[in-house]
file work-v8.txt (compact mmCIF, C-alpha atoms)
# COMPACT_ATOMS: atom_id res chain seq x y z
CA MET A 6 -1.63 54.09 43.06
CA ILE A 7 -5.07 54.62 44.55
CA SER A 8 -5.89 58.30 44.75
CA ARG A 9 -6.75 60.06 47.97
CA ASP A 10 -9.80 62.31 48.25
CA THR A 11 -8.37 65.00 50.51
CA ASN A 12 -11.44 67.22 50.14
CA PHE A 13 -13.72 64.40 51.33
CA VAL A 14 -16.31 65.44 48.77
CA VAL A 15 -17.27 62.86 46.16
CA ARG A 16 -17.85 64.50 42.80
CA GLY A 17 -18.68 63.38 39.29
CA SER A 18 -19.65 59.89 38.23
CA SER A 19 -19.23 58.25 41.66
CA ALA A 20 -21.34 60.75 43.60
CA PHE A 21 -24.94 59.93 44.44
CA ALA A 22 -25.84 63.56 45.16
CA TRP A 23 -24.18 64.73 41.95
CA MET A 24 -26.97 63.00 40.01
CA THR A 25 -30.24 64.68 39.09
CA THR A 26 -33.41 62.90 40.15
CA GLU A 27 -33.82 61.79 36.53
CA ASP A 28 -30.28 60.37 36.59
CA ALA A 29 -31.08 58.43 39.76
CA ALA A 30 -34.29 56.98 38.34
CA ARG A 31 -32.54 55.99 35.11
CA LEU A 32 -29.63 54.30 36.93
CA ALA A 33 -31.95 52.42 39.29
CA GLY A 34 -34.07 51.19 36.40
CA ASN A 35 -31.21 50.18 34.14
CA GLY A 36 -30.24 46.51 34.27
CA GLU A 37 -31.09 43.46 36.36
CA LYS A 38 -28.93 44.34 39.37
CA ARG A 39 -29.72 47.13 41.75
CA PRO A 40 -26.97 49.75 41.83
CA ILE A 41 -25.18 50.11 45.14
CA ALA A 42 -25.69 53.27 47.19
CA LEU A 43 -22.75 53.46 49.59
CA LEU A 44 -23.48 55.40 52.79
CA PRO A 45 -20.34 56.34 54.75
CA THR A 46 -20.82 56.53 58.51
CA GLY A 47 -18.38 57.67 61.15
CA ALA A 48 -18.17 60.15 63.98
CA VAL A 49 -16.99 63.58 65.05
CA GLU A 50 -15.20 62.84 68.30
CA GLN A 51 -11.93 63.13 70.16
CA HIS A 52 -8.93 61.37 68.67
CA GLY A 53 -6.32 62.19 71.25
CA PRO A 54 -4.09 65.26 71.25
CA HIS A 55 -2.67 64.60 67.78
CA LEU A 56 -5.54 63.78 65.41
CA PRO A 57 -8.61 65.72 64.18
CA MET A 58 -12.09 64.92 65.40
CA GLY A 59 -13.34 64.28 61.86
CA LEU A 60 -11.04 61.31 61.31
CA ASP A 61 -13.65 58.52 61.33
CA ILE A 62 -16.01 60.01 58.78
CA TRP A 63 -13.18 61.35 56.61
CA LEU A 64 -11.46 57.97 56.37
CA ALA A 65 -14.72 56.13 55.69
CA SER A 66 -15.54 58.66 52.97
CA ALA A 67 -12.07 58.42 51.42
CA VAL A 68 -12.23 54.61 51.32
CA ALA A 69 -15.75 54.72 49.88
CA ALA A 70 -14.80 57.21 47.16
CA ALA A 71 -11.75 55.22 46.10
CA ALA A 72 -13.64 51.91 46.21
CA ALA A 73 -16.40 53.29 43.97
CA ALA A 74 -14.08 54.89 41.43
CA GLY A 75 -14.64 53.44 37.97
CA GLU A 76 -17.57 51.26 39.08
CA ASN A 77 -20.67 52.26 37.12
CA GLY A 78 -23.01 50.42 39.49
CA ILE A 79 -21.79 52.11 42.69
CA ARG A 80 -22.62 55.60 43.94
CA VAL A 81 -21.38 57.21 47.16
CA CYS A 82 -23.96 59.09 49.20
CA GLU A 83 -23.26 62.20 51.21
CA PRO A 84 -21.64 61.02 54.46
CA PHE A 85 -23.62 60.55 57.66
CA ALA A 86 -21.00 62.26 59.78
CA TYR A 87 -22.24 61.84 63.34
CA GLY A 88 -22.23 58.57 65.25
CA SER A 89 -22.76 56.96 68.61
CA SER A 90 -19.94 58.53 70.63
CA ALA A 91 -21.20 59.02 74.18
CA HIS A 92 -18.10 57.20 75.46
CA HIS A 93 -16.02 60.17 74.25
CA ARG A 94 -18.20 62.98 75.61
CA ALA A 95 -15.75 63.85 78.41
CA PHE A 96 -13.55 65.35 75.66
CA ALA A 97 -14.51 68.76 74.26
CA GLY A 98 -15.96 68.87 70.77
CA THR A 99 -17.26 65.31 70.64
CA MET A 100 -20.71 65.28 69.02
CA SER A 101 -22.78 62.19 69.73
CA LEU A 102 -26.15 60.79 68.76
CA SER A 103 -27.96 58.36 70.99
CA PRO A 104 -27.91 54.82 69.58
CA GLN A 105 -31.68 55.09 69.05
CA THR A 106 -31.33 58.30 66.99
CA PHE A 107 -28.43 56.91 64.96
CA ILE A 108 -30.39 53.74 64.18
CA ALA A 109 -33.55 55.68 63.28
CA VAL A 110 -31.70 57.94 60.83
CA LEU A 111 -29.96 54.98 59.18
CA VAL A 112 -33.26 53.14 58.81
CA ASP A 113 -34.94 56.18 57.24
CA LEU A 114 -32.09 56.86 54.80
CA CYS A 115 -31.66 53.24 53.72
CA SER A 116 -35.43 52.85 53.31
CA CYS A 117 -35.47 55.78 50.88
CA LEU A 118 -32.62 54.29 48.88
CA TRP A 119 -34.28 50.87 48.70
CA GLN A 120 -37.66 52.28 47.70
CA ASP A 121 -36.01 54.14 44.83
CA GLY A 122 -34.33 51.01 43.46
CA PHE A 123 -30.89 51.11 45.11
CA LEU A 124 -29.19 48.58 47.36
CA PRO A 125 -28.00 50.50 50.45
CA VAL A 126 -24.60 49.48 51.84
CA ILE A 127 -23.23 51.18 54.95
CA ILE A 128 -19.43 51.60 55.00
CA ASN A 129 -18.45 52.45 58.55
CA GLY A 130 -15.42 54.15 60.06
CA HIS A 131 -16.27 54.24 63.79
CA GLY A 132 -16.07 51.25 66.10
CA GLY A 133 -18.78 52.65 68.35
CA ASN A 134 -21.29 52.40 65.47
CA ARG A 135 -20.89 48.67 64.90
CA ALA A 136 -23.67 47.42 67.19
CA ALA A 137 -26.11 50.13 66.15
CA ILE A 138 -25.53 49.37 62.46
CA GLN A 139 -26.34 45.72 63.09
CA VAL A 140 -29.60 46.72 64.75
CA ALA A 141 -30.43 49.09 61.87
CA ILE A 142 -29.84 46.35 59.28
CA THR A 143 -31.97 43.92 61.30
CA THR A 144 -34.74 46.53 61.59
CA LEU A 145 -34.62 47.19 57.86
CA GLY A 146 -34.79 43.49 57.09
CA SER A 147 -37.92 43.09 59.20
CA GLN A 148 -39.47 45.83 57.05
CA GLY A 149 -38.60 44.10 53.79
CA VAL A 150 -35.63 46.34 53.03
CA VAL A 151 -32.44 44.57 51.99
CA SER A 152 -29.29 46.33 53.18
CA ALA A 153 -25.76 45.49 54.29
CA GLY A 154 -22.92 47.09 56.17
CA PHE A 155 -19.31 46.65 57.22
CA SER A 156 -16.47 48.54 58.89
CA TYR A 157 -13.55 48.95 56.49
CA PHE A 158 -10.98 48.41 59.27
CA ASP A 159 -12.39 44.95 60.01
CA LEU A 160 -11.24 43.89 56.54
CA ILE A 161 -7.56 44.73 57.11
CA ALA A 162 -6.66 43.09 60.43
CA ASP A 163 -4.06 40.88 58.74
CA VAL A 164 -2.54 43.90 56.97
CA ALA A 165 -2.26 45.71 60.30
CA ALA A 166 -0.55 42.63 61.74
CA ARG A 167 1.96 42.75 58.91
CA VAL A 168 2.79 46.47 58.76
CA LEU A 169 2.37 47.66 62.37
CA PRO A 170 4.83 46.65 65.11
CA ASP A 171 2.09 45.79 67.62
CA HIS A 172 -1.27 45.48 65.91
CA ALA A 173 -2.84 43.48 68.76
CA GLY A 174 -1.93 45.78 71.65
CA GLY A 175 -1.25 48.95 69.68
CA THR A 176 -4.44 49.34 67.66
CA GLY A 177 -7.64 50.77 69.11
CA HIS A 178 -8.48 54.47 68.91
CA ALA A 179 -6.25 57.33 67.71
CA CYS A 180 -3.76 54.49 67.49
CA ALA A 181 -0.98 53.43 65.13
CA LEU A 182 -3.53 52.27 62.54
CA GLU A 183 -5.61 55.46 62.46
CA THR A 184 -2.57 57.71 62.77
CA SER A 185 -0.83 55.89 59.91
CA LEU A 186 -3.91 56.16 57.69
CA MET A 187 -4.16 59.90 58.31
CA MET A 188 -0.43 60.32 57.66
CA HIS A 189 -1.19 58.93 54.20
CA VAL A 190 -4.65 60.33 53.44
CA LEU A 191 -4.42 63.76 55.06
CA PRO A 192 -0.89 64.26 56.45
CA ALA A 193 -1.39 67.94 57.30
CA SER A 194 -4.03 66.94 59.87
CA VAL A 195 -1.61 64.96 62.05
CA ARG A 196 0.01 66.99 64.86
CA GLN A 197 3.16 64.89 64.86
CA ASN A 198 4.77 66.78 67.72
CA LEU A 199 1.78 65.90 69.92
CA ILE A 200 1.73 62.14 69.28
CA PRO A 201 1.78 60.63 72.79
CA ASP A 202 4.27 58.02 73.90
CA GLY A 203 3.36 54.83 75.67
CA ALA A 204 0.62 52.27 75.29
CA THR A 205 -2.76 51.48 76.82
CA PRO A 206 -2.72 50.64 80.53
CA PRO A 207 -3.86 47.09 81.38
CA SER A 208 -7.63 46.93 81.10
CA TRP A 209 -10.27 44.17 81.09
CA PRO A 210 -11.96 43.34 78.80
CA ASP A 211 -9.21 44.18 76.32
CA PRO A 212 -10.20 47.47 74.60
CA HIS A 213 -7.99 47.11 71.53
CA LEU A 214 -9.55 47.05 68.08
CA TYR A 215 -8.81 43.46 67.15
CA ALA A 216 -9.08 41.92 70.62
CA GLY A 217 -12.56 40.46 70.08
CA PRO A 218 -13.49 40.16 73.77
CA ALA A 219 -16.20 37.65 74.60
CA VAL A 220 -17.69 40.00 77.20
CA SER A 221 -19.55 43.15 76.10
CA VAL A 222 -19.21 46.23 78.31
CA TRP A 223 -19.60 49.98 78.00
CA ARG A 224 -17.12 52.42 79.51
CA PRO A 225 -16.01 56.00 78.91
CA PHE A 226 -12.62 56.26 77.29
CA GLU A 227 -11.20 58.59 79.91
CA ALA A 228 -11.62 55.71 82.36
CA ILE A 229 -9.20 53.66 80.25
CA ARG A 230 -6.60 56.35 79.52
CA GLU A 231 -6.68 60.02 80.40
CA ASN A 232 -5.82 61.23 76.89
CA GLY A 233 -8.50 59.04 75.26
CA VAL A 234 -5.97 57.12 73.16
CA ILE A 235 -6.16 53.34 72.91
CA GLY A 236 -3.05 51.80 71.40
CA THR A 237 0.41 53.02 70.45
CA PRO A 238 0.27 55.92 67.95
CA SER A 239 4.03 56.48 68.22
CA GLU A 240 4.43 53.37 66.03
CA ALA A 241 2.57 54.98 63.11
CA SER A 242 4.09 55.73 59.72
CA ALA A 243 2.93 57.10 56.38
CA GLU A 244 4.34 54.00 54.68
CA ALA A 245 2.16 51.75 56.79
CA GLY A 246 -0.78 54.08 56.16
CA GLU A 247 -0.42 53.71 52.40
CA GLN A 248 -0.45 49.91 52.59
CA LEU A 249 -3.43 49.95 54.94
CA PHE A 250 -5.38 52.37 52.74
CA VAL A 251 -4.69 50.54 49.49
CA GLU A 252 -5.86 47.24 50.97
CA ALA A 253 -8.88 48.84 52.68
CA VAL A 254 -9.98 50.20 49.31
CA ARG A 255 -9.31 46.98 47.39
CA ARG A 256 -11.07 44.76 49.91
CA SER A 257 -13.96 47.17 50.37
CA ARG A 258 -14.55 47.18 46.60
CA GLN A 259 -14.47 43.38 46.54
CA THR A 260 -16.89 43.22 49.45
CA ILE A 261 -19.30 45.71 47.89
CA LEU A 262 -19.36 43.89 44.56
CA LYS A 263 -19.92 40.56 46.31
CA ILE A 264 -22.82 42.04 48.29
CA GLN A 265 -24.31 43.28 45.03
CA SER A 266 -23.97 39.99 43.15
CA GLU A 267 -24.40 37.37 45.86
CA TYR A 268 -26.72 38.88 48.44
CA GLY A 269 -28.79 41.91 47.60
CA GLN A 270 -30.26 40.79 44.28
CA ARG A 271 -31.95 37.70 45.69
CA SER A 272 -34.68 39.64 47.47
CA ILE A 273 -35.71 42.12 44.80
CA ALA A 274 -39.46 42.16 44.27

call {"tool": "encode", "arguments": {"input": "work-v8.txt", "output": "structure tokens"}}
result
Amino acid sequence: MISRDTNFVVRGSSAFAWMTTEDAARLAGNGEKRPIALLPTGAVEQHGPHLPMGLDIWLASAVAAAAAAGENGIRVCEPFAYGSSAHHRAFAGTMSLSPQTFIAVLVDLCSCLWQDGFLPVIINGHGGNRAAIQVAITTLGSQGVVSAGFSYFDLIADVAARVLPDHAGGTGHACALETSLMMHVLPASVRQNLIPDGATPPSWPDPHLYAGPAVSVWRPFEAIRENGVIGTPSEASAEAGEQLFVEAVRRSRQTILKIQSEYGQRSIA
């Protein structure tokens, strides 16, 4: 069984920051392939009445730590906790960066990693970061820095379809998917007595996670549903969370290793 990192601190051989500067230089200079530096991104924002605000960065960090375990060529950086979350600012405690600030920080961090011989890979846990991460990667590429990024939840849409009763209309934000994952990874954080009933009111374009609307819009989440929840968290279960987490880790590891072998090494000077 894949272990869970309930402290959300990566220690030992998988941790980038656990290395000394001499360790980092030695790892980066050892072998033909650049080692991967995984950078978890997420958010600190509202997740309804039943989930903690740290969910996005905690889950991204937990997936990253488990995906890197036992892989000598992968290190997990300290998480970049704050994301682009202005659409949640009506809810107390949400901490948001502007897209421009988020992009600028990502570009600076990934540039440092590249200059020191690492291949930066962003592993994301917040849907609101997707577009900004694409811009950051494009900006880095124009500067000669090779980087890559993905959202772990985009890799498990078929698993969600299999283990959740309504993955299409029930998965979005503080939903059955995220609630199930937290029931598995950090069960004490889920306020089960506060899980709301019901589903998302009809809304266009479809706001659910796997809807893939052709039209891009921006809207505050309180305009969609007063509690900020998109989906059906009452359908969550720890059993579903375990299956989702195991596959998120397995597929993330596969993706990272493929990036390292098939993409990033081709542009090394």

call {"tool": "atom_distance", "arguments": {"input": "work-v8.txt", "atom1": "CA of Ala243 in chain A", "atom2": "CA of Leu64 in chain A"}}
result
14.4 Å

call {"tool": "closest_atom_pairs", "arguments": {"input": "work-v8.txt", "of": "range 46-122 of chain A", "to": "range 195-212 of chain A", "cutoff": "12 Å", "atoms": "all atoms listed in the file", "output": "CSV"}}
result
residue,atom,partner,partner_atom,distance
A:His52,CA,A:Val195,CA,10.5
A:Gly53,CA,A:Ile200,CA,8.3
A:Pro54,CA,A:Leu199,CA,6.1
A:His55,CA,A:Arg196,CA,4.6
A:Leu56,CA,A:Val195,CA,5.3
A:Pro57,CA,A:Val195,CA,7.4
A:Met58,CA,A:Val195,CA,11.0
A:Gly59,CA,A:Val195,CA,11.8
A:Leu60,CA,A:Val195,CA,10.1

call {"tool": "write_last_selection", "arguments": {"input": "work-v8.txt", "atoms": "C-alpha atoms", "output": "short mmCIF file (atom, residue, chain, number, x, y, z; two decimals), in the coordinates of the input"}}
result
data_model
loop_
_atom_site.label_atom_id
_atom_site.label_comp_id
_atom_site.auth_asym_id
_atom_site.auth_seq_id
_atom_site.Cartn_x
_atom_site.Cartn_y
_atom_site.Cartn_z
CA HIS A 52 -8.93 61.37 68.67
CA GLY A 53 -6.32 62.19 71.25
CA PRO A 54 -4.09 65.26 71.25
CA HIS A 55 -2.67 64.60 67.78
CA LEU A 56 -5.54 63.78 65.41
CA PRO A 57 -8.61 65.72 64.18
CA MET A 58 -12.09 64.92 65.40
CA GLY A 59 -13.34 64.28 61.86
CA LEU A 60 -11.04 61.31 61.31
#

call {"tool": "residues_around", "arguments": {"input": "work-v8.txt", "residues": "Ala73 in chain A", "least_positions_apart": "5", "cutoff": "8 Å", "atoms": "all atoms listed in the file", "output": "list in words"}}
result
Ser19, Ile79, Arg80, Val81 and Arg258 of chain A

call {"tool": "residues_around", "arguments": {"input": "work-v8.txt", "residues": "Thr184 in chain A", "least_positions_apart": "3", "cutoff": "9 Å", "atoms": "all atoms listed in the file", "output": "MDAnalysis selection string"}}
result
chainID A and resid 55:56 179:181 187:189 195 200 238:243 246

call {"tool": "atom_distance", "arguments": {"input": "work-v8.txt", "atom1": "CA of Leu43 in chain A", "atom2": "CA of Val126 in chain A"}}
result
4.9 Å

call {"tool": "atom_distance", "arguments": {"input": "work-v8.txt", "atom1": "CA of Lys38 in chain A", "atom2": "CA of Ile62 in chain A"}}
result
28.1 Å

call {"tool": "residues_around", "arguments": {"input": "work-v8.txt", "residues": "Ser66 in chain A", "least_positions_apart": "2", "cutoff": "12 Å", "atoms": "all atoms listed in the file", "output": "PDB file with C-alpha atoms, in the coordinates of the input"}}
result
ATOM      1  CA  ARG A   9      -6.750  60.060  47.970  1.00  0.00           C
ATOM      2  CA  ASP A  10      -9.800  62.310  48.250  1.00  0.00           C
ATOM      3  CA  THR A  11      -8.370  65.000  50.510  1.00  0.00           C
ATOM      4  CA  ASN A  12     -11.440  67.220  50.140  1.00  0.00           C
ATOM      5  CA  PHE A  13     -13.720  64.400  51.330  1.00  0.00           C
ATOM      6  CA  VAL A  14     -16.310  65.440  48.770  1.00  0.00           C
ATOM      7  CA  VAL A  15     -17.270  62.860  46.160  1.00  0.00           C
ATOM      8  CA  ARG A  16     -17.850  64.500  42.800  1.00  0.00           C
ATOM      9  CA  SER A  19     -19.230  58.250  41.660  1.00  0.00           C
ATOM     10  CA  ALA A  20     -21.340  60.750  43.600  1.00  0.00           C
ATOM     11  CA  LEU A  43     -22.750  53.460  49.590  1.00  0.00           C
ATOM     12  CA  LEU A  44     -23.480  55.400  52.790  1.00  0.00           C
ATOM     13  CA  PRO A  45     -20.340  56.340  54.750  1.00  0.00           C
ATOM     14  CA  THR A  46     -20.820  56.530  58.510  1.00  0.00           C
ATOM     15  CA  GLY A  47     -18.380  57.670  61.150  1.00  0.00           C
ATOM     16  CA  ALA A  48     -18.170  60.150  63.980  1.00  0.00           C
ATOM     17  CA  GLY A  59     -13.340  64.280  61.860  1.00  0.00           C
ATOM     18  CA  LEU A  60     -11.040  61.310  61.310  1.00  0.00           C
ATOM     19  CA  ASP A  61     -13.650  58.520  61.330  1.00  0.00           C
ATOM     20  CA  ILE A  62     -16.010  60.010  58.780  1.00  0.00           C
ATOM     21  CA  TRP A  63     -13.180  61.350  56.610  1.00  0.00           C
ATOM     22  CA  LEU A  64     -11.460  57.970  56.370  1.00  0.00           C
ATOM     23  CA  VAL A  68     -12.230  54.610  51.320  1.00  0.00           C
ATOM     24  CA  ALA A  69     -15.750  54.720  49.880  1.00  0.00           C
ATOM     25  CA  ALA A  70     -14.800  57.210  47.160  1.00  0.00           C
ATOM     26  CA  ALA A  71     -11.750  55.220  46.100  1.00  0.00           C
ATOM     27  CA  ALA A  72     -13.640  51.910  46.210  1.00  0.00           C
ATOM     28  CA  ALA A  73     -16.400  53.290  43.970  1.00  0.00           C
ATOM     29  CA  ARG A  80     -22.620  55.600  43.940  1.00  0.00           C
ATOM     30  CA  VAL A  81     -21.380  57.210  47.160  1.00  0.00           C
ATOM     31  CA  CYS A  82     -23.960  59.090  49.200  1.00  0.00           C
ATOM     32  CA  GLU A  83     -23.260  62.200  51.210  1.00  0.00           C
ATOM     33  CA  PRO A  84     -21.640  61.020  54.460  1.00  0.00           C
ATOM     34  CA  PHE A  85     -23.620  60.550  57.660  1.00  0.00           C
ATOM     35  CA  ALA A  86     -21.000  62.260  59.780  1.00  0.00           C
ATOM     36  CA  ILE A 127     -23.230  51.180  54.950  1.00  0.00           C
ATOM     37  CA  ILE A 128     -19.430  51.600  55.000  1.00  0.00           C
ATOM     38  CA  ASN A 129     -18.450  52.450  58.550  1.00  0.00           C
ATOM     39  CA  GLY A 130     -15.420  54.150  60.060  1.00  0.00           C
ATOM     40  CA  HIS A 131     -16.270  54.240  63.790  1.00  0.00           C
ATOM     41  CA  SER A 156     -16.470  48.540  58.890  1.00  0.00           C
ATOM     42  CA  TYR A 157     -13.550  48.950  56.490  1.00  0.00           C
ATOM     43  CA  VAL A 190      -4.650  60.330  53.440  1.00  0.00           C
ATOM     44  CA  PHE A 250      -5.380  52.370  52.740  1.00  0.00           C
ATOM     45  CA  ALA A 253      -8.880  48.840  52.680  1.00  0.00           C
ATOM     46  CA  VAL A 254      -9.980  50.200  49.310  1.00  0.00           C
ATOM     47  CA  SER A 257     -13.960  47.170  50.370  1.00  0.00           C
TER      48      SER A 257
END

call {"tool": "residues_near_point", "arguments": {"input": "work-v8.txt", "point": "(-8.0, 41.4, 55.4)", "cutoff": "10 Å", "atoms": "only C-alpha atoms", "output": "list in words"}}
result
Tyr157, Phe158, Asp159, Leu160, Ile161, Ala162, Asp163, Val164, Ala165, Ala166, Leu249, Glu252, Ala253, Arg255, Arg256 and Ser257 of chain A

call {"tool": "residues_near_point", "arguments": {"input": "work-v8.txt", "point": "(-26.4, 54.5, 71.0)", "cutoff": "9 Å", "atoms": "only C-alpha atoms", "output": "PDB file with C-alpha atoms, in the coordinates of the input"}}
result
ATOM      1  CA  GLY A  88     -22.230  58.570  65.250  1.00  0.00           C
ATOM      2  CA  SER A  89     -22.760  56.960  68.610  1.00  0.00           C
ATOM      3  CA  SER A  90     -19.940  58.530  70.630  1.00  0.00           C
ATOM      4  CA  ALA A  91     -21.200  59.020  74.180  1.00  0.00           C
ATOM      5  CA  SER A 101     -22.780  62.190  69.730  1.00  0.00           C
ATOM      6  CA  LEU A 102     -26.150  60.790  68.760  1.00  0.00           C
ATOM      7  CA  SER A 103     -27.960  58.360  70.990  1.00  0.00           C
ATOM      8  CA  PRO A 104     -27.910  54.820  69.580  1.00  0.00           C
ATOM      9  CA  GLN A 105     -31.680  55.090  69.050  1.00  0.00           C
ATOM     10  CA  THR A 106     -31.330  58.300  66.990  1.00  0.00           C
ATOM     11  CA  PHE A 107     -28.430  56.910  64.960  1.00  0.00           C
ATOM     12  CA  ILE A 108     -30.390  53.740  64.180  1.00  0.00           C
ATOM     13  CA  GLY A 133     -18.780  52.650  68.350  1.00  0.00           C
ATOM     14  CA  ASN A 134     -21.290  52.400  65.470  1.00  0.00           C
ATOM     15  CA  ALA A 136     -23.670  47.420  67.190  1.00  0.00           C
ATOM     16  CA  ALA A 137     -26.110  50.130  66.150  1.00  0.00           C
TER      17      ALA A 137
END

call {"tool": "closest_residue", "arguments": {"input": "work-v8.txt", "among": "A:Glu76, A:Glu267, A:Glu183, A:Glu227", "to": "Ala153 in chain A", "atoms": "all atoms listed in the file"}}
result
A:Glu267

call {"tool": "decode", "arguments": {"input": "work-v8.txt", "residues": "range 237-253 of chain A", "atoms": "N, CA, C and O atoms", "output": "mmCIF file, in the first residue's frame"}}
result
data_model
loop_
_atom_site.group_PDB
_atom_site.id
_atom_site.type_symbol
_atom_site.label_atom_id
_atom_site.label_comp_id
_atom_site.auth_asym_id
_atom_site.auth_seq_id
_atom_site.Cartn_x
_atom_site.Cartn_y
_atom_site.Cartn_z
ATOM 1 N N THR A 237 -20.882 16.964 -5.443
ATOM 2 C CA THR A 237 -21.725 16.233 -4.490
ATOM 3 C C THR A 237 -20.849 15.543 -3.448
ATOM 4 O O THR A 237 -20.569 14.341 -3.550
ATOM 5 N N PRO A 238 -20.390 16.268 -2.427
ATOM 6 C CA PRO A 238 -19.485 15.657 -1.446
ATOM 7 C C PRO A 238 -20.127 14.564 -0.606
ATOM 8 O O PRO A 238 -19.406 13.730 -0.037
ATOM 9 N N SER A 239 -21.455 14.524 -0.542
ATOM 10 C CA SER A 239 -22.120 13.476 0.235
ATOM 11 C C SER A 239 -21.875 12.091 -0.347
ATOM 12 O O SER A 239 -22.119 11.079 0.324
ATOM 13 N N GLU A 240 -21.381 12.024 -1.589
ATOM 14 C CA GLU A 240 -21.092 10.734 -2.221
ATOM 15 C C GLU A 240 -19.666 10.248 -1.954
ATOM 16 O O GLU A 240 -19.243 9.232 -2.512
ATOM 17 N N ALA A 241 -18.927 10.965 -1.133
ATOM 18 C CA ALA A 241 -17.528 10.614 -0.867
ATOM 19 C C ALA A 241 -17.416 9.395 0.038
ATOM 20 O O ALA A 241 -18.317 9.087 0.830
ATOM 21 N N SER A 242 -16.260 8.729 -0.062
ATOM 22 C CA SER A 242 -15.953 7.616 0.835
ATOM 23 C C SER A 242 -14.451 7.450 0.942
ATOM 24 O O SER A 242 -13.706 7.778 0.007
ATOM 25 N N ALA A 243 -13.996 6.924 2.064
ATOM 26 C CA ALA A 243 -12.568 6.663 2.251
ATOM 27 C C ALA A 243 -12.083 5.584 1.287
ATOM 28 O O ALA A 243 -10.940 5.619 0.823
ATOM 29 N N GLU A 244 -12.950 4.623 0.975
ATOM 30 C CA GLU A 244 -12.572 3.554 0.051
ATOM 31 C C GLU A 244 -12.294 4.120 -1.341
ATOM 32 O O GLU A 244 -11.309 3.758 -1.997
ATOM 33 N N ALA A 245 -13.170 5.015 -1.783
ATOM 34 C CA ALA A 245 -12.928 5.662 -3.067
ATOM 35 C C ALA A 245 -11.661 6.508 -3.005
ATOM 36 O O ALA A 245 -10.869 6.542 -3.958
ATOM 37 N N GLY A 246 -11.448 7.194 -1.885
ATOM 38 C CA GLY A 246 -10.259 8.015 -1.719
ATOM 39 C C GLY A 246 -8.979 7.219 -1.833
ATOM 40 O O GLY A 246 -7.994 7.693 -2.432
ATOM 41 N N GLU A 247 -8.957 6.017 -1.288
ATOM 42 C CA GLU A 247 -7.758 5.186 -1.379
ATOM 43 C C GLU A 247 -7.466 4.819 -2.833
ATOM 44 O O GLU A 247 -6.311 4.910 -3.294
ATOM 45 N N GLN A 248 -8.484 4.417 -3.580
ATOM 46 C CA GLN A 248 -8.275 4.056 -4.983
ATOM 47 C C GLN A 248 -7.816 5.268 -5.802
ATOM 48 O O GLN A 248 -6.927 5.151 -6.650
ATOM 49 N N LEU A 249 -8.406 6.409 -5.528
ATOM 50 C CA LEU A 249 -8.023 7.627 -6.244
ATOM 51 C C LEU A 249 -6.581 8.018 -5.931
ATOM 52 O O LEU A 249 -5.815 8.379 -6.827
ATOM 53 N N PHE A 250 -6.204 7.922 -4.658
ATOM 54 C CA PHE A 250 -4.853 8.312 -4.258
ATOM 55 C C PHE A 250 -3.803 7.366 -4.836
ATOM 56 O O PHE A 250 -2.776 7.817 -5.377
ATOM 57 N N VAL A 251 -4.054 6.082 -4.745
ATOM 58 C CA VAL A 251 -3.100 5.101 -5.266
ATOM 59 C C VAL A 251 -2.855 5.323 -6.754
ATOM 60 O O VAL A 251 -1.709 5.311 -7.232
ATOM 61 N N GLU A 252 -3.921 5.547 -7.502
ATOM 62 C CA GLU A 252 -3.760 5.761 -8.946
ATOM 63 C C GLU A 252 -3.141 7.123 -9.255
ATOM 64 O O GLU A 252 -2.368 7.259 -10.217
ATOM 65 N N ALA A 253 -3.476 8.140 -8.458
ATOM 66 C CA ALA A 253 -2.854 9.458 -8.663
ATOM 67 C C ALA A 253 -1.351 9.361 -8.476
ATOM 68 O O ALA A 253 -0.578 9.958 -9.251
#
